[in-house]
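Chemist: Encoded as structure tokens, here's the structure I'll be asking about.
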Amino acid sequence: MKSAGRIEAIQYLRGIAALVVVFAHVASMQHSLAPSLPVFLPEFNGFWGVDIFFVISGFIIVYITHELVSGGRTAALFLLKRAVRIVPAYWFFTLFVYLADTRHWFSDQANLTNMAMLLKSLFFVKPGFPLLFVGWTLTLEMFFYAIFSLVLWRWNAVVRVWLIVGVFVFLAAVPLWFNVENRYIKFYTQAVLLEFAAGMLIAYFSTTKRLELPKKIAAIVFFAGWGLLMSVTFFQEDNLLISHRAFWWGLPAVLIVLGAVHLGAVCDSKILHGAGAISYSLYLCHMPCAYAGTVLVKYFFAGSPNLLMLYVVMTLSLTVLVAIISWRLLEWWPQIMLRRVLRAVA
């Protein structure tokens, strides 16, 4: 299996995960927008896309660094590249939400948004939900990157994988040993940390050739993961799924990523590739676009029997458009500029 196929398969999965989260959130807003009208987009619990993202994140970080030699410069460059990849788009949409809340662009209701919330959100230190509420996943991502940069500074590829896996297993076990009340400790000891660890192990065993699944076995693992994921999502209660997501969604997500890595890209889908490329911006912008969609559809189509259809089409179209612009200006361009700077100082 070629590494290009492996990464392409992960790219497809990122696209699927982002689209599912977008559809789930947009679908969930239909009832509050027009309770008396039948929904246009069927509501479903698609928040398992986040769990696939976490496993992929663990995989990607180990995959792209397994040949790097440890050291202070290596660790600093790793953290710098991750920050340039994550921060610009996240800061832009967080600031947009702050302005929207404080200036009541989407609602006249009173809110508790303040400067302290903004600063904690911007610097990834707000436990629970930041201003851009989907950013709770990025707070965990940056926590992962910070720990990884520390071990990258000192230890080789093998040690750093097993060290972080051990740390995350320990942190996830803390709530089992102690009755944790502090919200910061609660946040950073979530069981979803095990999803990062699982992704790291998938990358470790595949890059070291310690595990090579034949394509038939990989296909079985891949589709078994999807089967489990769909089964628990449709037959298990939502509250249980959310509160124990590392088990109910995490395990299927691990199987899906493991199967995809060893299966490679079995098709050539420009749509999934494109969705994967802009998946981060899709994830960040879809809720602001969903709120903007409610304002637009109420202004232009109030009272229309097709209100929800127009809302869904308008919101999804706006989300894709904004995501493409965001990817170009806030993801692609900053990374290009960083590469130029690094080449200039090398």
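The chains in the structure tokens are called A, B, ... from first to last as shown; in each chain the residues are counted from 1, and the ligands are counted from 1 in the order shown.
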I'd like a table as a tab-separated table: residues in range 65-174 of chain A with an atom no more than 12 Å from range 194-198 of chain A, each row giving the shortest atom pair and its distance in Å to one decimal, only C-alpha atoms counted, sorted by chain and rising residue number.
Modeler:
residue	atom	partner	partner_atom	distance
A:Thr137	CA	A:Phe196	CA	11.5
A:Leu140	CA	A:Phe196	CA	9.7
A:Glu141	CA	A:Phe196	CA	8.9
A:Met142	CA	A:Phe196	CA	11.9
A:Phe143	CA	A:Phe196	CA	11.0
A:Phe144	CA	A:Phe196	CA	8.0
A:Tyr145	CA	A:Phe196	CA	10.7
A:Ile147	CA	A:Phe196	CA	11.9
A:Phe148	CA	A:Phe196	CA	11.2
A:Arg160	CA	A:Ala197	CA	11.4
A:Val161	CA	A:Ala197	CA	8.3
A:Trp162	CA	A:Ala197	CA	8.9
A:Leu163	CA	A:Ala197	CA	10.1
A:Ile164	CA	A:Ala197	CA	7.3
A:Val165	CA	A:Ala197	CA	5.0
A:Gly166	CA	A:Ala197	CA	8.5
A:Val167	CA	A:Ala197	CA	9.2
A:Phe168	CA	A:Leu194	CA	6.2
A:Val169	CA	A:Leu194	CA	6.4
A:Phe170	CA	A:Leu194	CA	9.7
A:Leu171	CA	A:Leu194	CA	9.1
A:Ala172	CA	A:Leu194	CA	7.1
A:Ala173	CA	A:Leu194	CA	10.0
Chemist: Just the residues within 7 Å of range 220-227 of chain A, please, counting only C-alpha atoms, with nothing from its chain fewer than 6 positions along; format it as a list in words.
Modeler: Pro252, Ala253, Leu255, Ile256, Gly259 and Ala260 of chain A
Chemist: What's the separation between CA of Leu68 in chain A and CA of Arg343 in chain A, in Å to one decimal place?
Modeler: 17.7 Å
Chemist: In terms of the shortest atom-to-atom distance over only C-alpha atoms, which of A:Ala191, A:Ala34, A:Ile52, A:Ile64 is closest to Ala18 in chain A?
Modeler: A:Ile52
Chemist: Which value, in Å to one decimal, gives the distance between CA of Arg14 in chain A and CA of Val313 in chain A?
Modeler: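 Separation between CA of Arg14 in chain A and CA of Val313 in chain A: 22.2 Å.
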Chemist: CA of Gly250 in chain A and CA of Tyr283 in chain A, how far apart in Å?
Modeler: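 Separation between CA of Tyr283 in chain A and CA of Gly250 in chain A: 19.0 Å.
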